[in-house]
Amino acid sequence: MKNQKSIELLNKAVADELSAVHQYMYFHFHCDDQGYDLLANLFKRTAIDEMMHIEKLSERILFLKGDVEMVAAEPVQKIHDVKAMLEMATKMETASARDYNHWANECSKNEDSVSKKLFEELVADEEMHFDRYDKEMDNLVKFGDNYLALQSIERSKSISAGAGHPGAD
């Protein structure tokens, strides 16, 4: 059955996206804990984007009469250093874009143009995520620890002004 290969690839993507959600939320928690609100929010927003990817992939799998395998591909890496977080994020996004591009071609070979199109859309999203993380890495390299200190200072200013902790809601 031609759909079986697409279902297999779509489930691989679900596993990768689940890993990304877990990893990015882990990074979000630690950046938030350190007062790096901009980076914490970036990781959180990306995790939400990845959850939306899981939803689209799952809908396609179910349409093809497959079952969604909700198992993360990789365990969470316990990284606390911001530079290492950003390096890992850029590697993850690069790998996803490469895999999804390849899998789009596989779906095309199996005459599944809808799954092909879905993978192509995901490539564009992953490239956008890569670009965001790459820009943050550039800022960190350019400004060093001052870049992180400014984020922490901004949170302190908000708290002193009575705005409270952004993550306390």
# chains A, B, ... in the order shown; residues from 1 in each chain; ligands from 1
call {"tool": "residues_around", "arguments": {"residues": "stretch 14-20 of chain A", "least_positions_apart": "5", "cutoff": "6 Å", "atoms": "only C-alpha atoms", "output": "MDAnalysis selection string"}}
result
chainID A and resid 50 54 71:74
call {"tool": "residues_around", "arguments": {"residues": "A:Tyr26", "least_positions_apart": "6", "cutoff": "9 Å", "atoms": "only C-alpha atoms", "output": "list in words"}}
result
Phe43, Val76, Gln77, Lys78 and Ile79 of chain A
call {"tool": "residues_around", "arguments": {"residues": "A:Asp131", "least_positions_apart": "5", "cutoff": "9 Å", "atoms": "only C-alpha atoms", "output": "PyMOL selection string"}}
result
chain A and resi 90+126+136
call {"tool": "atom_distance", "arguments": {"atom1": "atom CA of A:Glu111", "atom2": "atom CA of A:Met92"}}
result
28.1 Å
call {"tool": "closest_atom_pairs", "arguments": {"of": "stretch 19-61 of chain A", "to": "stretch 148-153 of chain A", "cutoff": "9 Å", "atoms": "only C-alpha atoms", "output": "JSON lines"}}
result
{"residue": "A:Gln34", "atom": "CA", "partner": "A:Ser152", "partner_atom": "CA", "distance": 7.3}
{"residue": "A:Gly35", "atom": "CA", "partner": "A:Ser152", "partner_atom": "CA", "distance": 4.6}
{"residue": "A:Tyr36", "atom": "CA", "partner": "A:Gln151", "partner_atom": "CA", "distance": 5.1}
{"residue": "A:Asp37", "atom": "CA", "partner": "A:Gln151", "partner_atom": "CA", "distance": 6.2}
{"residue": "A:Leu38", "atom": "CA", "partner": "A:Gln151", "partner_atom": "CA", "distance": 6.7}
{"residue": "A:Leu39", "atom": "CA", "partner": "A:Gln151", "partner_atom": "CA", "distance": 8.6}
call {"tool": "residues_around", "arguments": {"residues": "A:Arg98", "least_positions_apart": "2", "cutoff": "12 Å", "atoms": "only C-alpha atoms", "output": "mmCIF file with N, CA and C atoms, in the first residue's frame"}}
result
data_model
loop_
_atom_site.group_PDB
_atom_site.id
_atom_site.type_symbol
_atom_site.label_atom_id
_atom_site.label_comp_id
_atom_site.auth_asym_id
_atom_site.auth_seq_id
_atom_site.Cartn_x
_atom_site.Cartn_y
_atom_site.Cartn_z
ATOM 1 N N ALA A 13 8.077 12.223 11.575
ATOM 2 C CA ALA A 13 8.012 13.669 11.795
ATOM 3 C C ALA A 13 7.328 13.982 13.126
ATOM 4 N N LYS A 91 20.794 23.265 15.146
ATOM 5 C CA LYS A 91 21.047 21.928 14.589
ATOM 6 C C LYS A 91 19.744 21.148 14.413
ATOM 7 N N MET A 92 18.857 21.250 15.390
ATOM 8 C CA MET A 92 17.577 20.554 15.303
ATOM 9 C C MET A 92 16.751 21.065 14.122
ATOM 10 N N GLU A 93 16.702 22.374 13.968
ATOM 11 C CA GLU A 93 15.910 22.947 12.877
ATOM 12 C C GLU A 93 16.509 22.617 11.515
ATOM 13 N N THR A 94 17.826 22.628 11.418
ATOM 14 C CA THR A 94 18.501 22.261 10.164
ATOM 15 C C THR A 94 18.196 20.813 9.803
ATOM 16 N N ALA A 95 18.291 19.924 10.780
ATOM 17 C CA ALA A 95 18.024 18.504 10.537
ATOM 18 C C ALA A 95 16.572 18.283 10.128
ATOM 19 N N SER A 96 15.652 18.969 10.787
ATOM 20 C CA SER A 96 14.232 18.818 10.444
ATOM 21 C C SER A 96 13.967 19.295 9.021
ATOM 22 N N TYR A 100 12.553 16.797 6.256
ATOM 23 C CA TYR A 100 11.232 17.045 5.684
ATOM 24 C C TYR A 100 11.318 17.270 4.181
ATOM 25 N N ASN A 101 12.371 17.895 3.723
ATOM 26 C CA ASN A 101 12.563 18.073 2.290
ATOM 27 C C ASN A 101 12.724 16.709 1.607
ATOM 28 N N HIS A 102 13.536 15.863 2.212
ATOM 29 C CA HIS A 102 13.741 14.515 1.683
ATOM 30 C C HIS A 102 12.427 13.727 1.694
ATOM 31 N N TRP A 103 11.698 13.825 2.799
ATOM 32 C CA TRP A 103 10.448 13.074 2.926
ATOM 33 C C TRP A 103 9.373 13.594 1.977
ATOM 34 N N ALA A 104 9.392 14.889 1.666
ATOM 35 C CA ALA A 104 8.466 15.435 0.666
ATOM 36 C C ALA A 104 8.719 14.759 -0.674
ATOM 37 N N ASN A 105 9.989 14.594 -1.015
ATOM 38 C CA ASN A 105 10.334 13.912 -2.269
ATOM 39 C C ASN A 105 9.900 12.456 -2.253
ATOM 40 N N PHE A 119 4.864 18.402 4.056
ATOM 41 C CA PHE A 119 6.290 18.417 4.396
ATOM 42 C C PHE A 119 6.968 19.683 3.871
ATOM 43 N N GLU A 120 6.592 20.128 2.684
ATOM 44 C CA GLU A 120 7.183 21.357 2.136
ATOM 45 C C GLU A 120 6.833 22.569 3.001
ATOM 46 N N LEU A 122 6.239 22.445 6.188
ATOM 47 C CA LEU A 122 7.018 22.300 7.409
ATOM 48 C C LEU A 122 8.466 22.736 7.201
ATOM 49 N N VAL A 123 9.011 22.471 6.014
ATOM 50 C CA VAL A 123 10.382 22.922 5.713
ATOM 51 C C VAL A 123 10.462 24.436 5.871
ATOM 52 N N ALA A 124 9.483 25.145 5.323
ATOM 53 C CA ALA A 124 9.487 26.611 5.416
ATOM 54 C C ALA A 124 9.426 27.068 6.873
ATOM 55 N N GLU A 126 10.420 25.348 9.561
ATOM 56 C CA GLU A 126 11.671 24.993 10.242
ATOM 57 C C GLU A 126 12.792 25.952 9.850
ATOM 58 N N GLU A 127 12.803 26.383 8.592
ATOM 59 C CA GLU A 127 13.806 27.362 8.162
ATOM 60 C C GLU A 127 13.603 28.698 8.870
ATOM 61 N N PHE A 130 14.928 28.225 12.335
ATOM 62 C CA PHE A 130 16.388 28.276 12.261
ATOM 63 C C PHE A 130 16.859 29.729 12.219
#
call {"tool": "closest_atom_pairs", "arguments": {"of": "stretch 60-154 of chain A", "to": "stretch 2-9 of chain A", "cutoff": "8 Å", "atoms": "only C-alpha atoms", "output": "Markdown table"}}
result
| residue | atom | partner | partner_atom | distance |
| --- | --- | --- | --- | --- |
| A:Ile61 | CA | A:Ile7 | CA | 5.6 |
| A:Leu64 | CA | A:Asn3 | CA | 6.4 |
| A:Gly66 | CA | A:Ile7 | CA | 6.2 |
| A:Trp103 | CA | A:Leu9 | CA | 6.6 |
| A:Glu106 | CA | A:Ser6 | CA | 8.0 |
| A:Cys107 | CA | A:Ser6 | CA | 6.0 |
| A:Asn110 | CA | A:Lys2 | CA | 5.9 |
| A:Glu111 | CA | A:Lys2 | CA | 7.8 |
| A:Asp112 | CA | A:Ser6 | CA | 7.4 |
| A:Ser115 | CA | A:Ser6 | CA | 7.0 |
call {"tool": "decode", "arguments": {"residues": "stretch 40-105 of chain A", "atoms": "C-alpha atoms", "output": "PDB file, in the first residue's frame"}}
result
ATOM      1  CA  ALA A  40      12.333  32.042  27.082  1.00  0.00           C
ATOM      2  CA  ASN A  41       9.464  33.367  24.977  1.00  0.00           C
ATOM      3  CA  LEU A  42      11.206  32.408  21.739  1.00  0.00           C
ATOM      4  CA  PHE A  43      11.609  28.811  22.899  1.00  0.00           C
ATOM      5  CA  LYS A  44       8.008  28.713  24.135  1.00  0.00           C
ATOM      6  CA  ARG A  45       6.583  30.143  20.877  1.00  0.00           C
ATOM      7  CA  THR A  46       8.618  27.672  18.843  1.00  0.00           C
ATOM      8  CA  ALA A  47       7.387  24.779  20.999  1.00  0.00           C
ATOM      9  CA  ILE A  48       3.818  25.902  20.312  1.00  0.00           C
ATOM     10  CA  ASP A  49       4.570  26.028  16.561  1.00  0.00           C
ATOM     11  CA  GLU A  50       5.946  22.496  16.802  1.00  0.00           C
ATOM     12  CA  MET A  51       2.759  21.366  18.582  1.00  0.00           C
ATOM     13  CA  MET A  52       0.762  22.749  15.669  1.00  0.00           C
ATOM     14  CA  HIS A  53       2.984  20.716  13.337  1.00  0.00           C
ATOM     15  CA  ILE A  54       2.138  17.580  15.331  1.00  0.00           C
ATOM     16  CA  GLU A  55      -1.547  18.353  14.926  1.00  0.00           C
ATOM     17  CA  LYS A  56      -1.274  18.749  11.133  1.00  0.00           C
ATOM     18  CA  LEU A  57       0.847  15.611  10.804  1.00  0.00           C
ATOM     19  CA  SER A  58      -1.561  13.632  12.989  1.00  0.00           C
ATOM     20  CA  GLU A  59      -4.578  14.771  10.990  1.00  0.00           C
ATOM     21  CA  ARG A  60      -2.880  13.570   7.805  1.00  0.00           C
ATOM     22  CA  ILE A  61      -1.929  10.220   9.349  1.00  0.00           C
ATOM     23  CA  LEU A  62      -5.511   9.647  10.464  1.00  0.00           C
ATOM     24  CA  PHE A  63      -6.840  10.644   7.037  1.00  0.00           C
ATOM     25  CA  LEU A  64      -4.560   8.008   5.510  1.00  0.00           C
ATOM     26  CA  LYS A  65      -6.089   5.477   7.951  1.00  0.00           C
ATOM     27  CA  GLY A  66      -2.907   5.171   9.989  1.00  0.00           C
ATOM     28  CA  ASP A  67      -2.365   5.462  13.722  1.00  0.00           C
ATOM     29  CA  VAL A  68      -0.441   8.301  15.322  1.00  0.00           C
ATOM     30  CA  GLU A  69       2.627   7.157  17.250  1.00  0.00           C
ATOM     31  CA  MET A  70       3.096   9.622  20.107  1.00  0.00           C
ATOM     32  CA  VAL A  71       6.676   8.717  21.041  1.00  0.00           C
ATOM     33  CA  ALA A  72       9.449  11.320  21.065  1.00  0.00           C
ATOM     34  CA  ALA A  73      12.438  10.476  18.880  1.00  0.00           C
ATOM     35  CA  GLU A  74      15.027  11.714  21.399  1.00  0.00           C
ATOM     36  CA  PRO A  75      15.177  12.338  25.144  1.00  0.00           C
ATOM     37  CA  VAL A  76      15.568  15.883  26.441  1.00  0.00           C
ATOM     38  CA  GLN A  77      19.163  17.073  26.620  1.00  0.00           C
ATOM     39  CA  LYS A  78      19.699  18.809  29.974  1.00  0.00           C
ATOM     40  CA  ILE A  79      21.466  21.901  28.715  1.00  0.00           C
ATOM     41  CA  HIS A  80      21.515  25.072  30.835  1.00  0.00           C
ATOM     42  CA  ASP A  81      24.032  27.198  28.897  1.00  0.00           C
ATOM     43  CA  VAL A  82      22.222  29.575  26.541  1.00  0.00           C
ATOM     44  CA  LYS A  83      24.816  29.360  23.778  1.00  0.00           C
ATOM     45  CA  ALA A  84      24.620  25.545  23.839  1.00  0.00           C
ATOM     46  CA  MET A  85      20.805  25.794  23.766  1.00  0.00           C
ATOM     47  CA  LEU A  86      20.909  27.971  20.671  1.00  0.00           C
ATOM     48  CA  GLU A  87      23.478  25.719  19.005  1.00  0.00           C
ATOM     49  CA  MET A  88      21.300  22.693  19.617  1.00  0.00           C
ATOM     50  CA  ALA A  89      18.179  24.510  18.395  1.00  0.00           C
ATOM     51  CA  THR A  90      19.847  25.512  15.118  1.00  0.00           C
ATOM     52  CA  LYS A  91      21.047  21.928  14.589  1.00  0.00           C
ATOM     53  CA  MET A  92      17.577  20.554  15.303  1.00  0.00           C
ATOM     54  CA  GLU A  93      15.910  22.947  12.877  1.00  0.00           C
ATOM     55  CA  THR A  94      18.501  22.261  10.164  1.00  0.00           C
ATOM     56  CA  ALA A  95      18.024  18.504  10.537  1.00  0.00           C
ATOM     57  CA  SER A  96      14.232  18.818  10.444  1.00  0.00           C
ATOM     58  CA  ALA A  97      14.276  20.969   7.317  1.00  0.00           C
ATOM     59  CA  ARG A  98      16.638  18.515   5.608  1.00  0.00           C
ATOM     60  CA  ASP A  99      14.570  15.468   6.603  1.00  0.00           C
ATOM     61  CA  TYR A 100      11.232  17.045   5.684  1.00  0.00           C
ATOM     62  CA  ASN A 101      12.563  18.073   2.290  1.00  0.00           C
ATOM     63  CA  HIS A 102      13.741  14.515   1.683  1.00  0.00           C
ATOM     64  CA  TRP A 103      10.448  13.074   2.926  1.00  0.00           C
ATOM     65  CA  ALA A 104       8.466  15.435   0.666  1.00  0.00           C
ATOM     66  CA  ASN A 105      10.334  13.912  -2.269  1.00  0.00           C
TER      67      ASN A 105
END
